[in-house]
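Structure first, commentary second.
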There are 2 protein chains.
Amino acid sequence: MTKTIDFQTDPQQYRHWRVEYDGEIATLYMDVDEKGGLFDGYELKLNSYDLGVDIELADVVQRMRFEHPQVKSVVLRSGKDNVFCAGANIRMLGGAAHTHKVNFCKFTNETRNTFEAAGDESGQYYICAVKGACAGGGYELALACDHIILTDDGSSSVSLPEVPLLAVLPGTGGLTRVTDKRKVRRDLADVFCSLEEGIKGKRAADWNLVDEVVPNSEFDAIVAKRAQEFAARSKLPSSAAGIELTPLNRTIAGDGSVTYSSVKVQIDSAAGIATIHIVGPADAAPVSTDALAVEGAETWMLRCARELDDAILHLRLNELEIGVLIFKTSGNPELLAAHESFLIDNKDHWLANEILLYWKRVLKRIDMTSRSLVALIEPGSCFAGTLAEILFAVDRSYMADGEFEGDNRPVAAIRLSQVNFGSYLMSNGLTRLETRFLGAPEKIEQAEAKINSALVAEEASDLGLVTFAFDDIDWEDEIRVFLEERVSFSPDAMTGMEANLRFAGPETMETRIFGRLTAWQNWIFQRPNAVGETGALQRYGTGVRGEFDKRRV
Amino acid sequence: MTKTIDFQTDPQQYRHWRVEYDGEIATLYMDVDEKGGLFDGYELKLNSYDLGVDIELADVVQRMRFEHPQVKSVVLRSGKDNVFCAGANIRMLGGAAHTHKVNFCKFTNETRNTFEAAGDESGQYYICAVKGACAGGGYELALACDHIILTDDGSSSVSLPEVPLLAVLPGTGGLTRVTDKRKVRRDLADVFCSLEEGIKGKRAADWNLVDEVVPNSEFDAIVAKRAQEFAARSKLPSSAAGIELTPLNRTIAGDGSVTYSSVKVQIDSAAGIATIHIVGPADAAPVSTDALAVEGAETWMLRCARELDDAILHLRLNELEIGVLIFKTSGNPELLAAHESFLIDNKDHWLANEILLYWKRVLKRIDMTSRSLVALIEPGSCFAGTLAEILFAVDRSYMADGEFEGDNRPVAAIRLSQVNFGSYLMSNGLTRLETRFLGAPEKIEQAEAKINSALVAEEASDLGLVTFAFDDIDWEDEIRVFLEERVSFSPDAMTGMEANLRFAGPETMETRIFGRLTAWQNWIFQRPNAVGETGALQRYGTGVRGEFDKRRV
């Protein structure tokens, strides 16, 4: 699995999904092309999915919000007759490297979270209409929807057969959403998760595994009715006209480096480091929401978010040996502030709101990236507002203190804006500054008092906004020594350490999915009982059951 | 490492700890005997520890509460000159099986949690007085104390060198307590956890890694002063006279089965199942707190808790291939209710309070046991109050419905008491019934209205208190089929599933330690970068650094 994975697609290229639009309601059909696997060696039978299927789904969900804002509810259905979705493809999982399994699950989790949040955030609700077997990752798709309707046809069922069948966990949020979203009684959850065949009919509703079980003859009518009811809850204006998410301006070099219009990723394979350089806006901010709509995908705040998102995904999936990501910026912080303020001032407008929500997701994607994240705040940099938020997402930041010899760019400074105090909540439900200052909440007020000031190294250090500040004399050596040391550490220990240190404070369903559930799944994905030669995942489909080392831990 | 591990010890047998008592203040010296390792193949140099050292510590902490209730603060110090504690012994970890590593960490975590809770719960505060290197697990010991004092002698330091040195995590709560208890800023935590040599002097206090750094010349005086200050906070009566924790009445058979006075563990190795049978009290409850003190360790509520605790630990560490634990009870539920009510009515008395707190810990120990837990509620059983709480700790319960042919014992019934509604909080801060009924809180009130009623199968089912009820005709087959299936599943998948389903609802520092942190550590404990032939844990001490697969996940 060494081919380059591309996260960009569009409806003309879809092989696995189709959408029918009907005013406020869209119907999303999952109709996986068996022959359309991202890699060789498996067929996507029974609406099972691989990363390629999920990349298309992520694209559907994203375009739904930007291109089709008139849609207020999305009905998720199967395009096949006898199966809803069989979940992640087992042969794909059995053949995938550990890194691919982990990255695949992370991306699918992020996509589930995105459409789960779409109702509350954007007024686009997802309704899952289940006919046929809805198993494993298929049921996890359903769990992330706002409402699940199961037909009572004597055979359609929901199930999480991973444990009995494959000796792995339902790792795309399944266990967590069963206990924490649907609040299924824990002993019933234990029964459900041990039942290969799943649960159908009335019992599925009694146990709260689905919201309603309806007679097969009334299925379509009730699905249509629920879609209308959810649409009626939405605060989206019916008059909203979408914008087109045009193809990214992107050039990928042979070494994996990528150049976009506002983001440049420079790969240093030998060092194991990638530098992500973000360039602030060059043009003035839009003057009206009409002008914003005309700029569409070209407006800097949206364009930069899309490019950065693609860059992070590219590095995660295609550049596995890059252990450290360095964030740098350049540009005019006042121009950036103008673009950002425009969106904040107009956040009642659907598009301004969507762009801010997208940044929230992109920043969460950074939080969840299991690479060491570093920011270098250099002369001429543009860590202002939204870009300053990156400083609080990274593991460490280094700030240049004062004038640098022979460097005539402006002295390095940070500018906070109101977005740093509430627009971009982390998955733990706190702002990044709240998480940072869990032990010193007075620091948040001190920082807030400095909104829009250019904070040079000394002040930024005093405010606790940067990890270290070094002057011209020490800068280069300190950075070099740090980077050399960082890339020398075990990547696994880094992953574990960062996953623990980044998310202090409260836990939410989302952090539990990425923390507890994912960590246990990753552990199991290493265990011979799952992935060994006689493990259940390898034996699947051979007709021979897995053989297990019975020792408990 | 197949020798049987015994969790029972007493001060006469200690090799690694000694305690000096001085009225309200005790000083606990860690002075590990290098030659006193639990297994062969390593020496416990530099006050490093293995499970044997921790078993003694757990015994110290337990006896402190029961035998020395006049103690209000405990000063933890090193008995060696130049080192506080070097943490878990690396050679021991390097040589240990994965199961032993995981169980070792779980037990040490439980012990840390126990002394961390002793201040708030019992009025026994732990003060850590650090001289010399306090590294890794040594600093994690300190982190679990109520107050950390570090001497400023130019060399004494605190550190978490696991990541840079060993490519594993500080897994005994270290990462979680740094971010969530001490609320160290996350980027500073990142720096600290990457620094092999740790941090000393003023910076350790500035970063809140310790509570105070004091001049070496004033160290002893300040430690003594703080011990008195903490003692002054305690609500423990100075007049409290301890009871003796006499040796358990215990017989271990060759097959691992164990018979205690009130608990009997029957091992079925072929089936992979152990049955834990708890027998309720035979004698009347104490009539006064004086009488309780005279009964001491013999009083049923304390005796049963000690025996059950020992049984669980024995099964965890010595019976690794036992995948299912079945809980059964027998006895007179009214007599049990009388013993329990006596403690509740007298919980202002230190000993009554301690016994209830101990049950809280034992029940948490059950929650944290990574075996499938089942309760069988049979005719003549005694699932009342405290023992009924076990029904809400297990993964599933099966209840016998009505008369069983040829069985003249009383029809199976459950009795709730007030302890089920607040005495025994889980690590998530909720009662087990609150966790069970997260999605149906009205069920808690319905259950509370039935306190002290004998609830037979139909009523218990309606109240949602049991998973399944079967009558005489189906009982045997249903149980047999379930058990056969359960033991056929992958033990790892069970561990992961149970760790996710048991702890719905809020997360606390404690659940984060056992969930997020432990799961990541267990993952790393499987990774070649740590435990492979060229991994850091195996290479430790050879002078050759670990070689790492650089791929990130």
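Letters A, B, ... go to the chains of the structure tokens in the order shown; residues in each chain start at 1; ligands are counted from 1 in the same order.
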Mind checking which residues fall within 8 Å of stretch 351-353 of chain B, counting only C-alpha atoms, ignoring those fewer than 4 positions away in the same chain, and posting them as a count of residues only? 8
Once DSSP has gone over the backbone, tell me which residues of stretch 132-284 of chain A are in alpha helix (DSSP H), as a CSV table (one decimal) with all heavy atoms, in the first residue's frame.
```csv
chain,number,residue,atom,x,y,z
A,137,GLY,N,-19.1,-1.4,10.8
A,137,GLY,CA,-18.9,0.0,10.4
A,137,GLY,C,-20.2,0.6,9.8
A,137,GLY,O,-20.4,1.8,9.7
A,138,GLY,N,-21.0,-0.3,9.2
A,138,GLY,CA,-22.3,0.1,8.7
A,138,GLY,C,-23.2,0.7,9.8
A,138,GLY,O,-23.8,1.8,9.7
A,139,TYR,N,-23.3,0.0,10.9
A,139,TYR,CA,-24.0,0.5,12.1
A,139,TYR,C,-23.4,1.7,12.7
A,139,TYR,O,-24.0,2.6,13.2
A,139,TYR,CB,-24.2,-0.7,13.1
A,139,TYR,CG,-25.0,-0.2,14.3
A,139,TYR,CD1,-26.3,0.4,14.2
A,139,TYR,CD2,-24.6,-0.4,15.6
A,139,TYR,CE1,-27.0,0.8,15.3
A,139,TYR,CE2,-25.3,0.0,16.7
A,139,TYR,CZ,-26.5,0.6,16.5
A,139,TYR,OH,-27.2,1.0,17.6
A,140,GLU,N,-22.0,1.8,12.6
A,140,GLU,CA,-21.4,2.9,13.1
A,140,GLU,C,-21.7,4.2,12.3
A,140,GLU,O,-21.8,5.3,12.8
A,140,GLU,CB,-19.9,2.7,13.2
A,140,GLU,CG,-19.5,1.7,14.3
A,140,GLU,CD,-18.0,1.4,14.3
A,140,GLU,OE1,-17.4,1.1,13.2
A,140,GLU,OE2,-17.4,1.4,15.4
A,141,LEU,N,-21.9,4.0,11.0
A,141,LEU,CA,-22.4,5.1,10.2
A,141,LEU,C,-23.8,5.6,10.7
A,141,LEU,O,-24.0,6.8,10.8
A,141,LEU,CB,-22.6,4.6,8.7
A,141,LEU,CG,-21.5,4.8,7.7
A,141,LEU,CD1,-21.8,4.1,6.4
A,141,LEU,CD2,-21.1,6.2,7.5
A,142,ALA,N,-24.6,4.6,10.9
A,142,ALA,CA,-26.0,4.9,11.5
A,142,ALA,C,-25.9,5.6,12.8
A,142,ALA,O,-26.6,6.6,13.0
A,142,ALA,CB,-26.8,3.6,11.6
A,143,LEU,N,-25.0,5.1,13.7
A,143,LEU,CA,-24.9,5.7,15.0
A,143,LEU,C,-24.5,7.2,15.0
A,143,LEU,O,-24.8,7.9,15.9
A,143,LEU,CB,-23.8,4.9,15.8
A,143,LEU,CG,-24.2,3.6,16.4
A,143,LEU,CD1,-22.9,2.9,16.9
A,143,LEU,CD2,-25.2,3.7,17.5
A,174,GLY,N,-18.1,3.0,17.5
A,174,GLY,CA,-19.3,2.2,17.8
A,174,GLY,C,-19.5,2.0,19.3
A,174,GLY,O,-20.6,2.3,19.8
A,175,LEU,N,-18.5,1.5,20.0
A,175,LEU,CA,-18.7,1.2,21.4
A,175,LEU,C,-19.0,2.5,22.2
A,175,LEU,O,-19.9,2.5,23.1
A,175,LEU,CB,-17.4,0.6,22.0
A,175,LEU,CG,-17.1,-0.8,21.5
A,175,LEU,CD1,-15.8,-1.3,22.2
A,175,LEU,CD2,-18.2,-1.8,21.7
A,176,THR,N,-18.4,3.6,21.9
A,176,THR,CA,-18.6,4.8,22.6
A,176,THR,C,-20.0,5.3,22.3
A,176,THR,O,-20.7,5.8,23.3
A,176,THR,CB,-17.6,5.9,22.2
A,176,THR,OG1,-16.3,5.3,22.4
A,176,THR,CG2,-17.6,7.1,23.2
A,186,ARG,N,-25.5,-1.1,29.9
A,186,ARG,CA,-24.2,-1.7,29.6
A,186,ARG,C,-24.2,-3.2,29.5
A,186,ARG,O,-23.5,-3.7,28.7
A,186,ARG,CB,-23.1,-1.3,30.7
A,186,ARG,CG,-23.5,-1.5,32.1
A,186,ARG,CD,-22.3,-1.4,33.0
A,186,ARG,NE,-21.5,-2.6,32.9
A,186,ARG,CZ,-20.7,-3.0,33.8
A,186,ARG,NH1,-20.5,-2.3,34.9
A,186,ARG,NH2,-20.0,-4.1,33.6
A,187,ASP,N,-25.1,-3.8,30.2
A,187,ASP,CA,-25.1,-5.3,30.1
A,187,ASP,C,-25.8,-5.7,28.7
A,187,ASP,O,-25.4,-6.7,28.1
A,187,ASP,CB,-25.8,-6.0,31.3
A,187,ASP,CG,-27.2,-5.5,31.6
A,187,ASP,OD1,-27.5,-4.4,31.1
A,187,ASP,OD2,-27.9,-6.2,32.3
A,188,LEU,N,-26.8,-4.9,28.3
A,188,LEU,CA,-27.4,-5.1,27.0
A,188,LEU,C,-26.4,-4.8,25.9
A,188,LEU,O,-26.4,-5.5,24.9
A,188,LEU,CB,-28.7,-4.3,26.9
A,188,LEU,CG,-29.7,-4.5,28.0
A,188,LEU,CD1,-31.0,-3.6,27.7
A,188,LEU,CD2,-30.2,-6.0,28.0
A,189,ALA,N,-25.6,-3.8,26.1
A,189,ALA,CA,-24.6,-3.5,25.1
A,189,ALA,C,-23.6,-4.6,25.0
A,189,ALA,O,-23.1,-5.0,23.9
A,189,ALA,CB,-23.8,-2.2,25.6
A,190,ASP,N,-23.3,-5.2,26.2
A,190,ASP,CA,-22.4,-6.4,26.2
A,190,ASP,C,-23.0,-7.5,25.3
A,190,ASP,O,-22.3,-8.2,24.5
A,190,ASP,CB,-22.2,-6.8,27.6
A,190,ASP,CG,-21.2,-8.0,27.7
A,190,ASP,OD1,-21.7,-9.2,27.5
A,190,ASP,OD2,-20.0,-7.8,28.0
A,191,VAL,N,-24.3,-7.8,25.5
A,191,VAL,CA,-25.0,-8.8,24.7
A,191,VAL,C,-24.9,-8.5,23.3
A,191,VAL,O,-24.5,-9.3,22.4
A,191,VAL,CB,-26.4,-9.0,25.2
A,191,VAL,CG1,-27.2,-10.0,24.3
A,191,VAL,CG2,-26.5,-9.4,26.7
A,192,PHE,N,-25.3,-7.2,23.0
A,192,PHE,CA,-25.4,-6.8,21.6
A,192,PHE,C,-24.0,-6.9,20.9
A,192,PHE,O,-23.9,-7.4,19.7
A,192,PHE,CB,-25.9,-5.3,21.5
A,192,PHE,CG,-25.9,-4.7,20.2
A,192,PHE,CD1,-26.6,-5.2,19.1
A,192,PHE,CD2,-25.1,-3.6,19.9
A,192,PHE,CE1,-26.6,-4.7,17.9
A,192,PHE,CE2,-25.1,-3.0,18.7
A,192,PHE,CZ,-25.8,-3.5,17.6
A,193,CYS,N,-23.0,-6.5,21.5
A,193,CYS,CA,-21.6,-6.5,20.9
A,193,CYS,C,-21.0,-7.9,20.8
A,193,CYS,O,-20.0,-8.1,20.3
A,193,CYS,CB,-20.7,-5.6,21.7
A,193,CYS,SG,-21.2,-3.9,21.7
A,194,SER,N,-21.7,-8.9,21.4
A,194,SER,CA,-21.2,-10.2,21.3
A,194,SER,C,-22.0,-11.1,20.4
A,194,SER,O,-21.7,-12.3,20.2
A,194,SER,CB,-21.3,-10.9,22.7
A,194,SER,OG,-20.8,-10.1,23.7
A,202,LYS,N,-38.5,-5.2,17.0
A,202,LYS,CA,-38.8,-4.4,18.1
A,202,LYS,C,-37.7,-4.3,19.2
A,202,LYS,O,-37.5,-3.3,19.8
A,202,LYS,CB,-40.1,-5.1,18.8
A,202,LYS,CG,-40.6,-4.3,20.0
A,202,LYS,CD,-42.0,-4.9,20.4
A,202,LYS,CE,-42.5,-4.3,21.7
A,202,LYS,NZ,-41.6,-4.6,22.8
A,203,ARG,N,-37.0,-5.4,19.4
A,203,ARG,CA,-35.9,-5.4,20.4
A,203,ARG,C,-34.9,-4.3,20.1
A,203,ARG,O,-34.3,-3.7,21.1
A,203,ARG,CB,-35.3,-6.8,20.4
A,203,ARG,CG,-34.4,-7.0,21.6
A,203,ARG,CD,-33.8,-8.4,21.6
A,203,ARG,NE,-33.9,-9.0,22.9
A,203,ARG,CZ,-33.3,-10.1,23.2
A,203,ARG,NH1,-32.5,-10.7,22.4
A,203,ARG,NH2,-33.5,-10.7,24.4
A,204,ALA,N,-34.6,-4.0,18.9
A,204,ALA,CA,-33.6,-3.0,18.5
A,204,ALA,C,-34.1,-1.6,19.0
A,204,ALA,O,-33.3,-0.8,19.5
A,204,ALA,CB,-33.4,-3.0,17.0
A,205,ALA,N,-35.4,-1.4,19.0
A,205,ALA,CA,-35.9,-0.1,19.5
A,205,ALA,C,-36.0,-0.2,21.0
A,205,ALA,O,-35.6,0.8,21.7
A,205,ALA,CB,-37.3,0.2,18.9
A,206,ASP,N,-36.4,-1.3,21.6
A,206,ASP,CA,-36.5,-1.4,23.0
A,206,ASP,C,-35.1,-1.2,23.7
A,206,ASP,O,-35.1,-0.6,24.8
A,206,ASP,CB,-37.0,-2.9,23.4
A,206,ASP,CG,-38.4,-3.1,23.1
A,206,ASP,OD1,-39.1,-2.1,22.8
A,206,ASP,OD2,-38.9,-4.2,23.1
A,219,PHE,N,-42.3,2.0,5.5
A,219,PHE,CA,-40.9,2.5,5.7
A,219,PHE,C,-40.7,3.8,4.9
A,219,PHE,O,-40.3,4.8,5.5
A,219,PHE,CB,-40.0,1.4,5.2
A,219,PHE,CG,-38.5,1.7,5.4
A,219,PHE,CD1,-38.0,1.7,6.7
A,219,PHE,CD2,-37.7,1.9,4.3
A,219,PHE,CE1,-36.6,2.0,6.9
A,219,PHE,CE2,-36.3,2.2,4.5
A,219,PHE,CZ,-35.8,2.2,5.8
A,220,ASP,N,-40.9,3.8,3.6
A,220,ASP,CA,-40.6,4.9,2.8
A,220,ASP,C,-41.4,6.2,3.3
A,220,ASP,O,-40.9,7.3,3.3
A,220,ASP,CB,-40.8,4.7,1.3
A,220,ASP,CG,-39.8,3.7,0.8
A,220,ASP,OD1,-38.7,3.6,1.3
A,220,ASP,OD2,-40.1,3.0,-0.2
A,221,ALA,N,-42.6,5.9,3.6
A,221,ALA,CA,-43.5,7.1,4.0
A,221,ALA,C,-43.0,7.7,5.3
A,221,ALA,O,-42.9,8.9,5.5
A,221,ALA,CB,-44.9,6.6,4.2
A,222,ILE,N,-42.6,6.8,6.3
A,222,ILE,CA,-42.1,7.3,7.5
A,222,ILE,C,-40.7,8.0,7.4
A,222,ILE,O,-40.5,9.0,8.0
A,222,ILE,CB,-42.1,6.2,8.6
A,222,ILE,CG1,-43.5,5.8,8.9
A,222,ILE,CG2,-41.3,6.6,9.9
A,222,ILE,CD1,-43.7,4.7,9.9
A,223,VAL,N,-39.9,7.4,6.6
A,223,VAL,CA,-38.6,8.0,6.3
A,223,VAL,C,-38.8,9.5,5.7
A,223,VAL,O,-38.2,10.4,6.2
A,223,VAL,CB,-37.7,7.2,5.3
A,223,VAL,CG1,-36.5,8.0,4.8
A,223,VAL,CG2,-37.3,5.9,6.0
A,224,ALA,N,-39.7,9.6,4.8
A,224,ALA,CA,-40.0,10.9,4.2
A,224,ALA,C,-40.5,11.9,5.2
A,224,ALA,O,-40.1,13.0,5.3
A,224,ALA,CB,-41.0,10.7,3.0
A,225,LYS,N,-41.4,11.4,6.1
A,225,LYS,CA,-42.0,12.2,7.1
A,225,LYS,C,-40.9,12.7,8.1
A,225,LYS,O,-40.9,13.9,8.4
A,225,LYS,CB,-43.1,11.4,7.8
A,225,LYS,CG,-43.9,12.1,8.8
A,225,LYS,CD,-45.2,11.4,9.1
A,225,LYS,CE,-46.0,12.1,10.2
A,225,LYS,NZ,-45.6,11.8,11.5
A,226,ARG,N,-40.1,11.8,8.5
A,226,ARG,CA,-39.0,12.2,9.5
A,226,ARG,C,-38.1,13.2,8.8
A,226,ARG,O,-37.6,14.2,9.4
A,226,ARG,CB,-38.2,11.0,9.9
A,226,ARG,CG,-39.0,10.0,10.8
A,226,ARG,CD,-39.3,10.5,12.1
A,226,ARG,NE,-40.2,9.5,12.8
A,226,ARG,CZ,-41.5,9.5,12.7
A,226,ARG,NH1,-42.2,10.5,12.2
A,226,ARG,NH2,-42.2,8.5,13.3
A,227,ALA,N,-37.8,13.0,7.5
A,227,ALA,CA,-36.9,13.9,6.8
A,227,ALA,C,-37.5,15.3,6.9
A,227,ALA,O,-36.8,16.3,7.1
A,227,ALA,CB,-36.6,13.5,5.4
A,228,GLN,N,-38.8,15.4,6.6
A,228,GLN,CA,-39.4,16.7,6.7
A,228,GLN,C,-39.4,17.3,8.1
A,228,GLN,O,-39.2,18.5,8.3
A,228,GLN,CB,-40.9,16.6,6.2
A,228,GLN,CG,-40.9,16.6,4.6
A,228,GLN,CD,-42.2,16.1,4.0
A,228,GLN,OE1,-43.1,15.7,4.8
A,228,GLN,NE2,-42.2,16.1,2.7
A,229,GLU,N,-39.7,16.4,9.1
A,229,GLU,CA,-39.7,16.9,10.5
A,229,GLU,C,-38.3,17.5,10.9
A,229,GLU,O,-38.2,18.6,11.5
A,229,GLU,CB,-40.1,15.8,11.4
A,229,GLU,CG,-41.6,15.5,11.4
A,229,GLU,CD,-41.9,14.1,12.1
A,229,GLU,OE1,-40.9,13.5,12.6
A,229,GLU,OE2,-43.1,13.7,12.0
A,230,PHE,N,-37.3,16.8,10.5
A,230,PHE,CA,-35.9,17.3,10.9
A,230,PHE,C,-35.6,18.6,10.1
A,230,PHE,O,-35.1,19.5,10.6
A,230,PHE,CB,-34.9,16.2,10.6
A,230,PHE,CG,-34.6,15.3,11.8
A,230,PHE,CD1,-35.4,14.2,12.0
A,230,PHE,CD2,-33.7,15.7,12.8
A,230,PHE,CE1,-35.2,13.4,13.1
A,230,PHE,CE2,-33.5,14.9,13.9
A,230,PHE,CZ,-34.3,13.7,14.1
A,231,ALA,N,-36.0,18.6,8.8
A,231,ALA,CA,-35.8,19.8,8.0
A,231,ALA,C,-36.5,21.0,8.6
A,231,ALA,O,-36.0,22.1,8.7
A,231,ALA,CB,-36.3,19.6,6.6
A,232,ALA,N,-37.6,20.8,9.3
A,232,ALA,CA,-38.4,21.9,9.9
A,232,ALA,C,-37.7,22.4,11.1
A,232,ALA,O,-37.9,23.6,11.5
A,232,ALA,CB,-39.8,21.4,10.3
A,233,ARG,N,-36.8,21.6,11.7
A,233,ARG,CA,-36.0,22.1,12.9
A,233,ARG,C,-34.9,23.1,12.4
A,233,ARG,O,-34.4,23.8,13.3
A,233,ARG,CB,-35.3,21.0,13.5
A,233,ARG,CG,-36.1,20.0,14.3
A,233,ARG,CD,-35.2,19.2,15.1
A,233,ARG,NE,-35.8,17.9,15.5
A,233,ARG,CZ,-35.1,17.0,16.2
A,233,ARG,NH1,-33.8,17.1,16.5
A,233,ARG,NH2,-35.8,15.9,16.5
```
Interatomic distance, atom CA of B:Glu196 to atom CA of B:Ile127 (Å, one decimal):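 Computing the Euclidean distance for atom CA of B:Glu196 and atom CA of B:Ile127 yields 24.8 Å.
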Would you pick out the contacts of stretch 443-454 of chain B at 8 Å or less, using only C-alpha atoms, so that residues sharing its chain but fewer than 3 positions from it are not included, and give the list as a list in words? Ala413, Ile414, Arg415, Leu416, Ser417, Gln418, Phe421, Leu433, Glu434, Phe437, Ala440, Leu463 and Gly464 of chain B
Looking only at strand (DSSP E) from DSSP on the backbone, list the matching residues of stretch 313-505 of chain B as a list of chain:residue names.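 Strand (DSSP E) assignments inside stretch 313-505 of chain B correspond to B:Val324, B:Leu325, B:Ile326, B:Phe327, B:Lys328, B:Thr329, B:Ser330, B:Ser372, B:Leu373, B:Val374, B:Ala375, B:Leu376, B:Ile377, B:Phe383, B:Ala384, B:Arg396, B:Ser397, B:Tyr398, B:Met399, B:Ala400, B:Ile414, B:Arg415, B:Phe468, B:Ala469, B:Phe470.
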I need the residues from that last selection saved to file as a compact mmCIF listing (two decimals), in the first residue's frame (with N, CA, C and O atoms), if you can.
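Ended up saving to part_4.txt:
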```txt
# COMPACT_ATOMS: atom_id res chain seq x y z
N VAL B 324 -13.22 -16.00 32.36
CA VAL B 324 -14.54 -15.63 32.88
C VAL B 324 -14.57 -15.84 34.39
O VAL B 324 -14.17 -16.90 34.88
N LEU B 325 -15.04 -14.84 35.10
CA LEU B 325 -15.25 -14.97 36.55
C LEU B 325 -16.75 -14.97 36.82
O LEU B 325 -17.46 -14.03 36.44
N ILE B 326 -17.21 -16.04 37.46
CA ILE B 326 -18.63 -16.13 37.82
C ILE B 326 -18.78 -15.81 39.31
O ILE B 326 -18.11 -16.42 40.15
N PHE B 327 -19.64 -14.87 39.61
CA PHE B 327 -19.92 -14.55 41.02
C PHE B 327 -21.20 -15.24 41.45
O PHE B 327 -22.23 -15.11 40.78
N LYS B 328 -21.10 -15.95 42.56
CA LYS B 328 -22.28 -16.55 43.19
C LYS B 328 -22.28 -16.16 44.66
O LYS B 328 -21.22 -15.86 45.23
N THR B 329 -23.43 -16.20 45.27
CA THR B 329 -23.51 -15.90 46.70
C THR B 329 -24.47 -16.88 47.36
O THR B 329 -25.30 -17.50 46.69
N SER B 330 -24.34 -17.01 48.67
CA SER B 330 -25.36 -17.72 49.44
C SER B 330 -25.38 -17.12 50.84
O SER B 330 -24.44 -16.43 51.24
N SER B 372 -14.04 -11.37 31.75
CA SER B 372 -15.50 -11.27 31.62
C SER B 372 -16.12 -11.61 32.96
O SER B 372 -15.81 -12.64 33.56
N LEU B 373 -16.97 -10.74 33.44
CA LEU B 373 -17.56 -10.88 34.78
C LEU B 373 -19.04 -11.21 34.64
O LEU B 373 -19.78 -10.52 33.94
N VAL B 374 -19.46 -12.27 35.31
CA VAL B 374 -20.84 -12.72 35.22
C VAL B 374 -21.36 -12.99 36.62
O VAL B 374 -20.61 -13.51 37.46
N ALA B 375 -22.61 -12.68 36.87
CA ALA B 375 -23.21 -13.07 38.15
C ALA B 375 -24.34 -14.04 37.88
O ALA B 375 -25.14 -13.84 36.95
N LEU B 376 -24.40 -15.09 38.68
CA LEU B 376 -25.51 -16.04 38.61
C LEU B 376 -26.31 -15.91 39.91
O LEU B 376 -25.80 -16.19 40.99
N ILE B 377 -27.55 -15.49 39.75
CA ILE B 377 -28.41 -15.26 40.92
C ILE B 377 -29.32 -16.49 41.05
O ILE B 377 -30.32 -16.62 40.33
N PHE B 383 -27.66 -11.92 47.14
CA PHE B 383 -27.28 -10.67 46.47
C PHE B 383 -28.07 -9.52 47.08
O PHE B 383 -29.08 -9.08 46.54
N ALA B 384 -27.58 -9.07 48.22
CA ALA B 384 -28.26 -8.01 48.97
C ALA B 384 -27.27 -6.89 49.22
O ALA B 384 -26.10 -7.14 49.51
N ARG B 396 -22.60 -9.08 32.77
CA ARG B 396 -23.95 -9.61 32.60
C ARG B 396 -24.39 -10.34 33.85
O ARG B 396 -23.55 -10.94 34.54
N SER B 397 -25.68 -10.40 34.09
CA SER B 397 -26.20 -11.21 35.19
C SER B 397 -27.33 -12.09 34.69
O SER B 397 -28.09 -11.71 33.79
N TYR B 398 -27.39 -13.28 35.23
CA TYR B 398 -28.45 -14.25 34.91
C TYR B 398 -29.18 -14.59 36.19
O TYR B 398 -28.55 -14.92 37.20
N MET B 399 -30.51 -14.50 36.16
CA MET B 399 -31.28 -14.73 37.39
C MET B 399 -32.22 -15.91 37.21
O MET B 399 -32.92 -16.02 36.19
N ALA B 400 -32.25 -16.76 38.22
CA ALA B 400 -33.15 -17.91 38.20
C ALA B 400 -34.56 -17.42 38.51
O ALA B 400 -34.78 -16.67 39.47
N ILE B 414 -33.25 -10.53 44.77
CA ILE B 414 -32.23 -9.49 44.96
C ILE B 414 -32.78 -8.51 45.99
O ILE B 414 -33.97 -8.22 45.99
N ARG B 415 -31.93 -8.00 46.86
CA ARG B 415 -32.37 -6.93 47.76
C ARG B 415 -31.44 -5.73 47.63
O ARG B 415 -30.24 -5.85 47.86
N PHE B 468 -30.74 -11.18 32.17
CA PHE B 468 -31.68 -12.21 31.72
C PHE B 468 -32.23 -12.98 32.91
O PHE B 468 -31.52 -13.15 33.91
N ALA B 469 -33.44 -13.44 32.79
CA ALA B 469 -33.99 -14.34 33.79
C ALA B 469 -34.47 -15.59 33.06
O ALA B 469 -35.12 -15.49 32.01
N PHE B 470 -34.14 -16.75 33.60
CA PHE B 470 -34.56 -18.02 32.99
C PHE B 470 -35.15 -18.93 34.05
O PHE B 470 -34.67 -18.95 35.20
```
Which residues come within 9 Å of B:His98, counting only C-alpha atoms, excluding same-chain residues fewer than 6 positions away, as an MDAnalysis selection string? (chainID A and resid 553) or (chainID B and resid 522 525:526)
